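Here is the file final38.cif (mmCIF, C-alpha atoms and all ligand atoms).
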data_coords
#
loop_
_atom_site.label_atom_id
_atom_site.label_comp_id
_atom_site.auth_asym_id
_atom_site.auth_seq_id
_atom_site.Cartn_x
_atom_site.Cartn_y
_atom_site.Cartn_z
CA VAL A 174 16.99 85.59 153.91
CA SER A 175 16.28 87.30 150.67
CA VAL A 176 19.20 88.96 148.93
CA ALA A 177 19.14 89.88 145.24
CA ALA A 178 22.51 90.36 143.54
CA VAL A 179 22.98 92.62 140.54
CA VAL A 180 26.23 92.05 138.64
CA VAL A 181 27.05 94.92 136.30
CA ALA A 182 28.95 93.67 133.28
CA ALA A 183 27.83 96.02 130.52
CA GLY A 184 30.97 98.15 130.24
CA SER A 185 33.24 98.03 127.21
CA GLY A 186 36.53 97.95 129.09
CA SER A 187 38.15 100.75 127.12
CA ARG A 188 41.07 101.04 129.53
CA LEU A 189 41.77 97.32 129.32
CA GLY A 190 41.79 97.68 125.55
CA HIS A 191 40.64 94.17 124.56
CA ASP A 192 38.71 93.19 121.45
CA ARG A 193 35.68 92.14 123.50
CA PRO A 194 33.74 93.66 126.41
CA LYS A 195 35.74 93.42 129.65
CA ALA A 196 33.37 91.00 131.39
CA PHE A 197 34.11 88.46 128.63
CA VAL A 198 37.89 88.75 128.78
CA GLU A 199 39.31 85.57 130.24
CA LEU A 200 41.00 85.14 133.58
CA ALA A 201 42.63 81.71 133.99
CA GLY A 202 40.58 80.54 131.01
CA ARG A 203 37.21 81.72 132.33
CA PRO A 204 35.36 84.90 131.37
CA LEU A 205 35.58 87.50 134.17
CA LEU A 206 31.80 87.49 134.60
CA GLU A 207 31.83 83.76 135.36
CA TRP A 208 33.89 84.31 138.51
CA SER A 209 31.40 86.69 140.09
CA ILE A 210 28.42 84.56 139.13
CA ALA A 211 30.04 81.51 140.73
CA LEU A 212 30.82 83.49 143.89
CA LEU A 213 27.26 84.77 144.24
CA GLN A 214 25.50 81.55 143.22
CA ALA A 215 27.39 79.68 145.93
CA ARG A 216 25.72 81.79 148.64
CA PRO A 217 22.52 80.38 150.10
CA GLU A 218 21.44 83.92 151.10
CA VAL A 219 21.40 85.05 147.48
CA SER A 220 17.93 84.26 146.16
CA GLN A 221 18.02 86.19 142.89
CA LEU A 222 20.81 86.96 140.44
CA VAL A 223 20.54 89.71 137.84
CA VAL A 224 23.28 90.12 135.22
CA VAL A 225 23.48 93.41 133.34
CA ALA A 226 25.36 92.88 130.08
CA PRO A 227 26.04 94.52 126.72
CA GLU A 228 22.92 94.18 124.61
CA ALA A 229 24.69 92.07 121.97
CA GLU A 230 25.70 89.49 124.60
CA CYS A 231 22.34 89.05 126.32
CA GLY A 232 21.14 86.22 124.09
CA GLN A 233 24.13 83.97 124.66
CA LEU A 234 24.13 84.76 128.37
CA ARG A 235 20.51 83.67 128.69
CA GLN A 236 21.50 80.35 127.12
CA ARG A 237 24.47 80.02 129.41
CA TRP A 238 22.56 81.04 132.55
CA PRO A 239 18.84 80.44 131.98
CA ALA A 240 16.17 81.43 134.52
CA PRO A 241 16.25 81.91 137.45
CA VAL A 242 19.24 84.06 136.44
CA ILE A 243 17.91 87.22 134.78
CA THR A 244 19.97 88.93 132.07
CA VAL A 245 19.14 92.50 131.09
CA PRO A 246 20.89 94.93 128.72
CA GLY A 247 22.96 97.72 130.25
CA GLY A 248 23.12 101.45 129.57
CA ASP A 249 25.70 104.05 128.59
CA GLU A 250 27.03 104.73 132.11
CA ARG A 251 27.52 102.35 135.00
CA SER A 252 24.66 104.00 136.89
CA ASP A 253 22.36 103.44 133.90
CA SER A 254 23.25 99.76 133.98
CA VAL A 255 22.62 99.54 137.74
CA ARG A 256 19.26 101.26 137.24
CA ARG A 257 18.26 98.64 134.69
CA GLY A 258 19.44 95.85 136.94
CA LEU A 259 17.47 97.24 139.89
CA ALA A 260 14.33 97.32 137.74
CA ALA A 261 14.63 93.54 137.37
CA VAL A 262 15.04 92.86 141.09
CA SER A 263 12.11 91.12 142.74
CA ALA A 264 9.98 93.22 145.09
CA GLU A 265 10.33 90.32 147.50
CA ALA A 266 14.04 90.87 147.97
CA GLU A 267 14.80 92.60 151.25
CA TRP A 268 18.35 93.49 150.28
CA VAL A 269 20.30 94.15 147.08
CA LEU A 270 23.99 93.61 146.42
CA VAL A 271 25.49 95.51 143.51
CA HIS A 272 28.73 94.04 142.23
CA ASP A 273 31.19 94.84 139.43
CA ALA A 274 31.94 91.93 137.10
CA ALA A 275 35.35 93.60 136.84
CA ARG A 276 36.11 92.37 140.41
CA PRO A 277 36.33 88.60 139.88
CA LEU A 278 38.41 87.64 142.92
CA VAL A 279 36.33 88.89 145.87
CA PRO A 280 37.02 86.61 148.84
CA GLU A 281 34.03 85.03 150.56
CA HIS A 282 34.70 86.89 153.78
CA VAL A 283 33.90 90.20 152.10
CA LEU A 284 30.52 88.91 150.98
CA THR A 285 29.91 87.50 154.44
CA ALA A 286 30.73 90.85 156.04
CA VAL A 287 28.47 92.82 153.68
CA ILE A 288 25.51 90.48 154.11
CA GLY A 289 26.17 90.31 157.85
CA ALA A 290 26.03 94.10 158.19
CA LEU A 291 22.73 94.22 156.28
CA ARG A 292 21.22 91.52 158.46
CA ALA A 293 22.42 93.39 161.54
CA GLY A 294 20.39 96.39 160.37
CA ALA A 295 22.69 98.54 158.22
CA PRO A 296 20.62 100.20 155.46
CA ALA A 297 23.70 100.57 153.26
CA VAL A 298 27.20 99.10 153.51
CA VAL A 299 30.35 99.18 151.42
CA PRO A 300 33.61 97.20 151.68
CA VAL A 301 36.59 99.52 152.06
CA LEU A 302 40.36 99.46 152.40
CA PRO A 303 42.71 102.03 153.87
CA VAL A 304 44.83 104.21 151.61
CA VAL A 305 48.44 103.15 152.00
CA ASP A 306 50.21 105.74 149.87
CA THR A 307 50.54 109.37 150.87
CA VAL A 308 47.96 111.39 148.96
CA LYS A 309 48.52 114.89 147.56
CA LEU A 310 46.23 117.57 146.18
CA VAL A 311 47.83 118.79 142.97
CA ALA A 312 47.23 121.96 140.95
CA ALA A 313 46.57 121.86 137.21
CA ASP A 314 50.24 122.66 136.53
CA GLY A 315 51.39 119.63 138.54
CA THR A 316 52.65 121.44 141.63
CA ILE A 317 51.50 120.16 144.97
CA ARG A 318 48.92 122.19 146.87
CA SER A 319 48.77 120.12 150.03
CA THR A 320 49.03 116.70 151.61
CA VAL A 321 45.69 115.04 152.34
CA ASP A 322 45.15 113.35 155.69
CA ARG A 323 44.91 109.76 154.52
CA ASP A 324 43.70 108.41 157.87
CA SER A 325 40.17 109.41 157.00
CA LEU A 326 40.33 108.21 153.39
CA ARG A 327 39.15 104.79 152.19
CA ARG A 328 39.20 102.96 148.87
CA VAL A 329 35.77 101.60 148.06
CA GLN A 330 35.00 98.21 146.52
CA THR A 331 32.03 96.02 145.62
CA PRO A 332 29.80 94.18 146.40
CA GLN A 333 27.98 97.08 148.02
CA GLY A 334 24.86 96.15 149.95
CA PHE A 335 21.62 98.04 150.46
CA ARG A 336 18.13 97.63 151.78
CA ARG A 337 16.18 97.31 148.54
CA ASP A 338 13.83 100.20 149.38
CA VAL A 339 16.83 102.44 150.14
CA ILE A 340 18.71 101.93 146.88
CA VAL A 341 15.55 101.93 144.76
CA ALA A 342 14.43 105.22 146.33
CA ALA A 343 17.88 106.81 145.97
CA TYR A 344 18.07 105.92 142.27
CA ALA A 345 14.50 107.13 141.76
CA ALA A 346 15.38 110.45 143.41
CA ALA A 347 18.39 110.88 141.14
CA PRO A 348 17.19 110.44 137.56
CA GLY A 349 19.99 111.00 135.10
CA VAL A 350 22.60 111.34 137.82
CA THR A 351 25.77 109.32 137.27
CA HIS A 352 28.03 108.17 140.06
CA THR A 353 30.90 105.70 139.89
CA ASP A 354 29.54 103.82 142.89
CA ASP A 355 26.10 103.12 144.24
CA ALA A 356 26.85 104.25 147.76
CA GLY A 357 27.52 107.68 146.24
CA ILE A 358 23.92 107.87 145.07
CA VAL A 359 22.64 106.77 148.47
CA GLU A 360 24.94 109.31 150.20
CA SER A 361 23.48 112.10 148.06
CA TYR A 362 19.87 111.01 147.70
CA GLY A 363 19.16 108.56 150.52
CA ALA A 364 18.54 109.75 154.05
CA VAL A 365 20.45 106.89 155.65
CA PRO A 366 24.00 106.39 156.89
CA VAL A 367 26.32 104.25 154.75
CA SER A 368 28.43 101.87 156.85
CA THR A 369 31.73 100.24 156.01
CA VAL A 370 33.16 96.76 156.47
CA PRO A 371 36.68 95.58 155.68
CA GLY A 372 37.27 94.93 151.98
CA ALA A 373 40.14 92.87 150.59
CA GLU A 374 43.08 93.57 148.30
CA GLU A 375 42.01 90.59 146.12
CA ALA A 376 38.72 92.36 145.46
CA PHE A 377 40.53 94.92 143.30
CA LYS A 378 38.92 96.01 140.06
CA ILE A 379 40.50 94.91 136.80
CA THR A 380 40.88 98.16 134.91
CA THR A 381 44.21 98.07 133.08
CA PRO A 382 46.30 95.32 131.42
CA HIS A 383 48.51 95.37 134.52
CA ASP A 384 45.50 94.52 136.70
CA LEU A 385 44.71 91.53 134.50
CA ARG A 386 48.28 90.25 134.78
CA LEU A 387 48.08 90.61 138.55
CA ALA A 388 44.75 88.76 138.63
CA GLU A 389 46.25 85.92 136.58
CA LEU A 390 48.86 85.43 139.28
CA LEU A 391 46.18 85.21 141.95
CA ALA A 392 43.52 83.26 140.07
CA GLY A 393 45.06 79.79 139.82
CA PRO A 394 44.44 78.67 143.40
CA ARG A 395 40.92 80.11 143.25
CA LEU A 396 39.86 78.09 140.17
CA ALA A 397 38.87 75.25 142.49
CA GLY A 398 35.91 77.35 143.60
CA LEU A 399 34.46 77.49 140.10
CA PRO A 400 32.20 74.89 138.47
CA ALA A 401 33.98 72.45 136.14
CA ASP A 402 35.24 74.03 132.93
CA ASP A 403 32.79 73.18 130.16
CA GLY A 404 34.68 75.18 127.59
CA TRP A 405 32.40 78.21 127.62
CA THR A 406 34.39 81.29 126.74
CA GLY A 407 31.66 83.78 125.96
CA ALA A 408 33.29 84.30 122.56
N1 LIG B 1 29.61 98.88 133.71
C1 LIG B 1 28.33 98.66 133.22
N2 LIG B 1 27.77 99.55 132.33
C2 LIG B 1 28.46 100.63 131.91
C3 LIG B 1 29.76 100.88 132.40
C4 LIG B 1 30.31 99.98 133.31
O1 LIG B 1 27.71 97.66 133.59
N3 LIG B 1 27.88 101.44 131.03
C5 LIG B 1 30.23 97.91 134.63
C6 LIG B 1 31.47 97.28 134.03
O2 LIG B 1 31.10 96.19 133.19
C7 LIG B 1 32.26 96.90 135.25
C8 LIG B 1 31.82 97.89 136.32
O3 LIG B 1 30.67 98.55 135.80
O4 LIG B 1 31.97 95.58 135.70
C9 LIG B 1 32.92 98.88 136.66
O5 LIG B 1 33.18 99.72 135.54
P1 LIG B 1 34.61 99.90 134.85
O6 LIG B 1 35.66 99.16 135.57
O7 LIG B 1 34.78 101.35 134.56
O8 LIG B 1 34.38 99.06 133.48
P2 LIG B 1 34.28 99.64 132.02
O9 LIG B 1 33.42 100.85 132.01
O10 LIG B 1 33.88 98.50 131.16
O11 LIG B 1 35.80 100.00 131.70
P3 LIG B 1 36.36 101.39 131.09
O12 LIG B 1 35.86 102.47 132.02
O13 LIG B 1 37.83 101.21 131.10
O14 LIG B 1 35.78 101.49 129.70
MG MG B 2 33.99 102.62 133.07
#

How does the structure come out when it is put into structure tokens?
Ligand code: CTP
Ligand code: MG
Amino acid sequence: VSVAAVVVAAGSGSRLGHDRPKAFVELAGRPLLEWSIALLQARPEVSQLVVVAPEAECGQLRQRWPAPVITVPGGDERSDSVRRGLAAVSAEAEWVLVHDAARPLVPEHVLTAVIGALRAGAPAVVPVLPVVDTVKLVAADGTIRSTVDRDSLRRVQTPQGFRRDVIVAAYAAAPGVTHTDDAGIVESYGAVPVSTVPGAEEAFKITTPHDLRLAELLAGPRLAGLPADDGWTGA
């Protein structure tokens, strides 16, 4: 099996409002990025790992994770960072996973489901969750226009999985286009269906200070899955 994983970690984390880029903010004493790297490195199917990081952090990351891990500088938008990560993926990889470093607590079963769907022939697959709250369409003045049928709505997570040729072609067909998720680019520019597998609440994205507090509550029991703490903080 040949799966390349691209972890995008080049964002600043403006909504989290920390003094360092979000991927280097600590969760249970470990930089967020470390959690995703540990998760992906533990998978025998993952044969290549590409980390996309803020330019200023690339040097220290290459010391921390030397080859075969590849560290490349990111771009202004998430899609720019993914593009740069994809450019570093080996042509020998059959599949590519794209994962947000901001989702440190993805359970193994989500990764298993995404890789399983790819191996079963899905050209593109995303982990999703149902929407539990009632959703409204609201006018600019705050009054409600209508209630949206939530049964057909899903919240989308990462890692998202793709046949390498599919995601590379979709990004190539969409130069300069920015999307908040990679499946969005494949939906618009790839002529393949995008499948879904069950995501997990723990795979939520750390966006706000509240999210980080929530993650701290969940992280303790998961620390056992990380390599021994050698004091690296990314600072
Ligand atoms: N990301 C990236 N390059 C960018 C923007 C985002 O690699 N130019 C990555 C982030 O590091 C994160 C993931 O994409 O792992 C999801 O983005 P988001 O949660 O929006 O992170 P930030 O853009 O860093 O946060 P904010 O939008 O609050 O500034
Ligand atoms: Mg962002």

Residues near range 256-269 of chain A, cut-off 8 Å, all atoms listed in the file, skip fewer than 4 positions along chain, as a list of chain:residue names: A:Val174, A:Ser175, A:Val176, A:Ala177, A:Ala178, A:Val179, A:Val180, A:Val181, A:Ser220, A:Gln221, A:Val223, A:Val224, A:Val225, A:Ile243, A:Val245, A:Pro246, A:Gly247, A:Gly248, A:Ser252, A:Leu291, A:Gly334, A:Phe335, A:Arg336, A:Arg337, A:Asp338, A:Ile340, A:Val341, A:Tyr344

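For range 379-382 of chain A, the residues within 9 Å (counting only C-alpha atoms, excluding itself and residues fewer than 5 positions away along the chain) are Gly186, Ser187, Arg188, Leu189, Gly190, His191, Lys195, Ala275, Arg276, Pro277, Leu387 and Ala388 of chain A.
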
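Distance check against Thr351 in chain A using all atoms listed in the file: of A:Ser325, A:Ser254, A:Gln233, A:Ser319, the minimum falls on A:Ser254.
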
Range 361-396 of chain A near range 303-310 of chain A within 12 Å: what's each residue's closest atom pair and its distance in Å to one decimal, counting all atoms listed in the file, ordered by chain then ascending residue number, as a Markdown table?
| residue | atom | partner | partner_atom | distance |
| --- | --- | --- | --- | --- |
| A:Thr369 | CA | A:Pro303 | CA | 11.3 |
| A:Val370 | CA | A:Pro303 | CA | 11.2 |
| A:Pro371 | CA | A:Pro303 | CA | 9.0 |
| A:Gly372 | CA | A:Pro303 | CA | 9.1 |
| A:Ala373 | CA | A:Pro303 | CA | 10.1 |
| A:Glu374 | CA | A:Pro303 | CA | 10.1 |

Taking (28.6, 105.6, 140.7) in the file's coordinates as the center, which residues reach within 10 Å of it, counting only C-alpha atoms, put as a count of residues only? 15

Could you list, as number ranges by chain, every residue within 12 Å of Ala293 in chain A, counting all atoms listed in the file and ignoring same-chain residues fewer than 5 positions away? A: 268, 285-288, 298, 336, 368

Atom-to-atom span, CA of Ala226 in chain A and CA of Asp273 in chain A, Å: 11.2 Å

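Here CA of Arg235 in chain A stands at a distance of 17.6 Å from CA of Pro400 in chain A.
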
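Across the structure, CA of Arg386 in chain A and CA of Glu230 in chain A are spaced 24.8 Å apart.
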
What residues have an atom no more than 6 Å from (26.3, 95.5, 143.5) in the file's own frame, counting all atoms listed in the file, and can you write them as an NGL selection string? :A and (179-180 or 270-272 or 332-333)

For the residues in the current selection, export C-alpha atoms as an mmCIF file, in the coordinates of the input.
data_model
loop_
_atom_site.group_PDB
_atom_site.id
_atom_site.type_symbol
_atom_site.label_atom_id
_atom_site.label_comp_id
_atom_site.auth_asym_id
_atom_site.auth_seq_id
_atom_site.Cartn_x
_atom_site.Cartn_y
_atom_site.Cartn_z
ATOM 1 C CA VAL A 179 22.980 92.620 140.540
ATOM 2 C CA VAL A 180 26.230 92.050 138.640
ATOM 3 C CA LEU A 270 23.990 93.610 146.420
ATOM 4 C CA VAL A 271 25.490 95.510 143.510
ATOM 5 C CA HIS A 272 28.730 94.040 142.230
ATOM 6 C CA PRO A 332 29.800 94.180 146.400
ATOM 7 C CA GLN A 333 27.980 97.080 148.020
#

Residues at most 8 Å from Phe377 in chain A, counting only C-alpha atoms, excluding those fewer than 6 positions away in the same chain, as an NGL selection string? :A and (276 or 278-279 or 330)

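Comparing the minimum interatomic distances between ligand MG 2 (chain B) and each of A:Ala240, A:Leu205, A:Val329, A:Ala274, counting all atoms listed in the file, we find that A:Ala274 sits nearest.
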
Determine the axis-aligned bounding box of all atoms of ligand LIG 1 (chain B) present in the file, pad each side by 5 Å, and express its centre and edge lengths in Å to one decimal place as lines of an AutoDock Vina configuration file.
center_x = 32.8
center_y = 99.0
center_z = 133.2
size_x = 20.1
size_y = 16.9
size_z = 17.0

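Residue nearest ligand MG 2 (chain B) within the list A:Asp384, A:Leu391, A:Gly184, A:Glu207: A:Gly184 [criterion: smallest interatomic distance, only C-alpha atoms and all ligand atoms].
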
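Among the candidate residues A:Gly202, A:Ala229, A:Leu222, A:Ile210, the one lying nearest to Ser185 in chain A is A:Ala229, with distances computed using only C-alpha atoms.
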
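When all atoms listed in the file are used to compute distances to ligand MG 2 (chain B), the closest of the residues A:Leu302, A:Lys378, A:Leu212, A:Ala313 turns out to be A:Lys378.
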
Rebuild range 222-241 of chain A to N, CA, C and O atoms - output it as an mmCIF file, keeping the file's coordinate frame, please.
data_model
loop_
_atom_site.group_PDB
_atom_site.id
_atom_site.type_symbol
_atom_site.label_atom_id
_atom_site.label_comp_id
_atom_site.auth_asym_id
_atom_site.auth_seq_id
_atom_site.Cartn_x
_atom_site.Cartn_y
_atom_site.Cartn_z
ATOM 1 N N LEU A 222 19.600 86.445 141.078
ATOM 2 C CA LEU A 222 20.810 86.960 140.440
ATOM 3 C C LEU A 222 20.425 87.658 139.134
ATOM 4 O O LEU A 222 19.790 87.065 138.269
ATOM 5 N N VAL A 223 20.805 88.919 139.037
ATOM 6 C CA VAL A 223 20.540 89.710 137.840
ATOM 7 C C VAL A 223 21.880 90.086 137.216
ATOM 8 O O VAL A 223 22.752 90.634 137.906
ATOM 9 N N VAL A 224 22.050 89.770 135.941
ATOM 10 C CA VAL A 224 23.280 90.120 135.220
ATOM 11 C C VAL A 224 22.935 91.221 134.223
ATOM 12 O O VAL A 224 21.994 91.091 133.446
ATOM 13 N N VAL A 225 23.695 92.300 134.273
ATOM 14 C CA VAL A 225 23.480 93.410 133.340
ATOM 15 C C VAL A 225 24.641 93.372 132.343
ATOM 16 O O VAL A 225 25.808 93.505 132.735
ATOM 17 N N ALA A 226 24.326 93.164 131.078
ATOM 18 C CA ALA A 226 25.360 92.880 130.080
ATOM 19 C C ALA A 226 25.185 93.745 128.844
ATOM 20 O O ALA A 226 24.120 94.325 128.630
ATOM 21 N N PRO A 227 26.216 93.813 127.990
ATOM 22 C CA PRO A 227 26.040 94.520 126.720
ATOM 23 C C PRO A 227 24.905 93.870 125.942
ATOM 24 O O PRO A 227 24.769 92.641 125.953
ATOM 25 N N GLU A 228 24.110 94.683 125.292
ATOM 26 C CA GLU A 228 22.920 94.180 124.610
ATOM 27 C C GLU A 228 23.240 92.991 123.685
ATOM 28 O O GLU A 228 22.518 91.994 123.674
ATOM 29 N N ALA A 229 24.342 93.102 122.949
ATOM 30 C CA ALA A 229 24.690 92.070 121.970
ATOM 31 C C ALA A 229 25.019 90.725 122.617
ATOM 32 O O ALA A 229 25.044 89.694 121.940
ATOM 33 N N GLU A 230 25.300 90.723 123.906
ATOM 34 C CA GLU A 230 25.700 89.490 124.600
ATOM 35 C C GLU A 230 24.557 88.843 125.356
ATOM 36 O O GLU A 230 24.695 87.738 125.878
ATOM 37 N N CYS A 231 23.413 89.541 125.451
ATOM 38 C CA CYS A 231 22.340 89.050 126.320
ATOM 39 C C CYS A 231 21.808 87.685 125.889
ATOM 40 O O CYS A 231 21.553 86.819 126.726
ATOM 41 N N GLY A 232 21.686 87.481 124.585
ATOM 42 C CA GLY A 232 21.140 86.220 124.090
ATOM 43 C C GLY A 232 21.971 85.030 124.522
ATOM 44 O O GLY A 232 21.456 84.056 125.086
ATOM 45 N N GLN A 233 23.273 85.107 124.289
ATOM 46 C CA GLN A 233 24.130 83.970 124.660
ATOM 47 C C GLN A 233 24.207 83.797 126.181
ATOM 48 O O GLN A 233 24.321 82.678 126.678
ATOM 49 N N LEU A 234 24.103 84.892 126.909
ATOM 50 C CA LEU A 234 24.130 84.760 128.370
ATOM 51 C C LEU A 234 22.882 84.054 128.885
ATOM 52 O O LEU A 234 22.943 83.270 129.831
ATOM 53 N N ARG A 235 21.751 84.335 128.253
ATOM 54 C CA ARG A 235 20.510 83.670 128.690
ATOM 55 C C ARG A 235 20.573 82.174 128.412
ATOM 56 O O ARG A 235 19.964 81.379 129.118
ATOM 57 N N GLN A 236 21.323 81.789 127.373
ATOM 58 C CA GLN A 236 21.500 80.350 127.120
ATOM 59 C C GLN A 236 22.437 79.758 128.157
ATOM 60 O O GLN A 236 22.224 78.659 128.655
ATOM 61 N N ARG A 237 23.471 80.499 128.464
ATOM 62 C CA ARG A 237 24.470 80.020 129.410
ATOM 63 C C ARG A 237 23.895 79.941 130.823
ATOM 64 O O ARG A 237 24.118 78.998 131.553
ATOM 65 N N TRP A 238 23.177 80.996 131.224
ATOM 66 C CA TRP A 238 22.560 81.040 132.550
ATOM 67 C C TRP A 238 21.067 81.303 132.383
ATOM 68 O O TRP A 238 20.614 82.445 132.453
ATOM 69 N N PRO A 239 20.292 80.242 132.156
ATOM 70 C CA PRO A 239 18.840 80.440 131.980
ATOM 71 C C PRO A 239 18.210 80.850 133.314
ATOM 72 O O PRO A 239 18.889 80.918 134.341
ATOM 73 N N ALA A 240 16.893 81.114 133.290
ATOM 74 C CA ALA A 240 16.170 81.430 134.520
ATOM 75 C C ALA A 240 16.514 80.347 135.548
ATOM 76 O O ALA A 240 16.682 79.191 135.163
ATOM 77 N N PRO A 241 16.653 80.669 136.792
ATOM 78 C CA PRO A 241 16.250 81.910 137.450
ATOM 79 C C PRO A 241 17.213 83.086 137.280
ATOM 80 O O PRO A 241 16.889 84.174 137.737
#
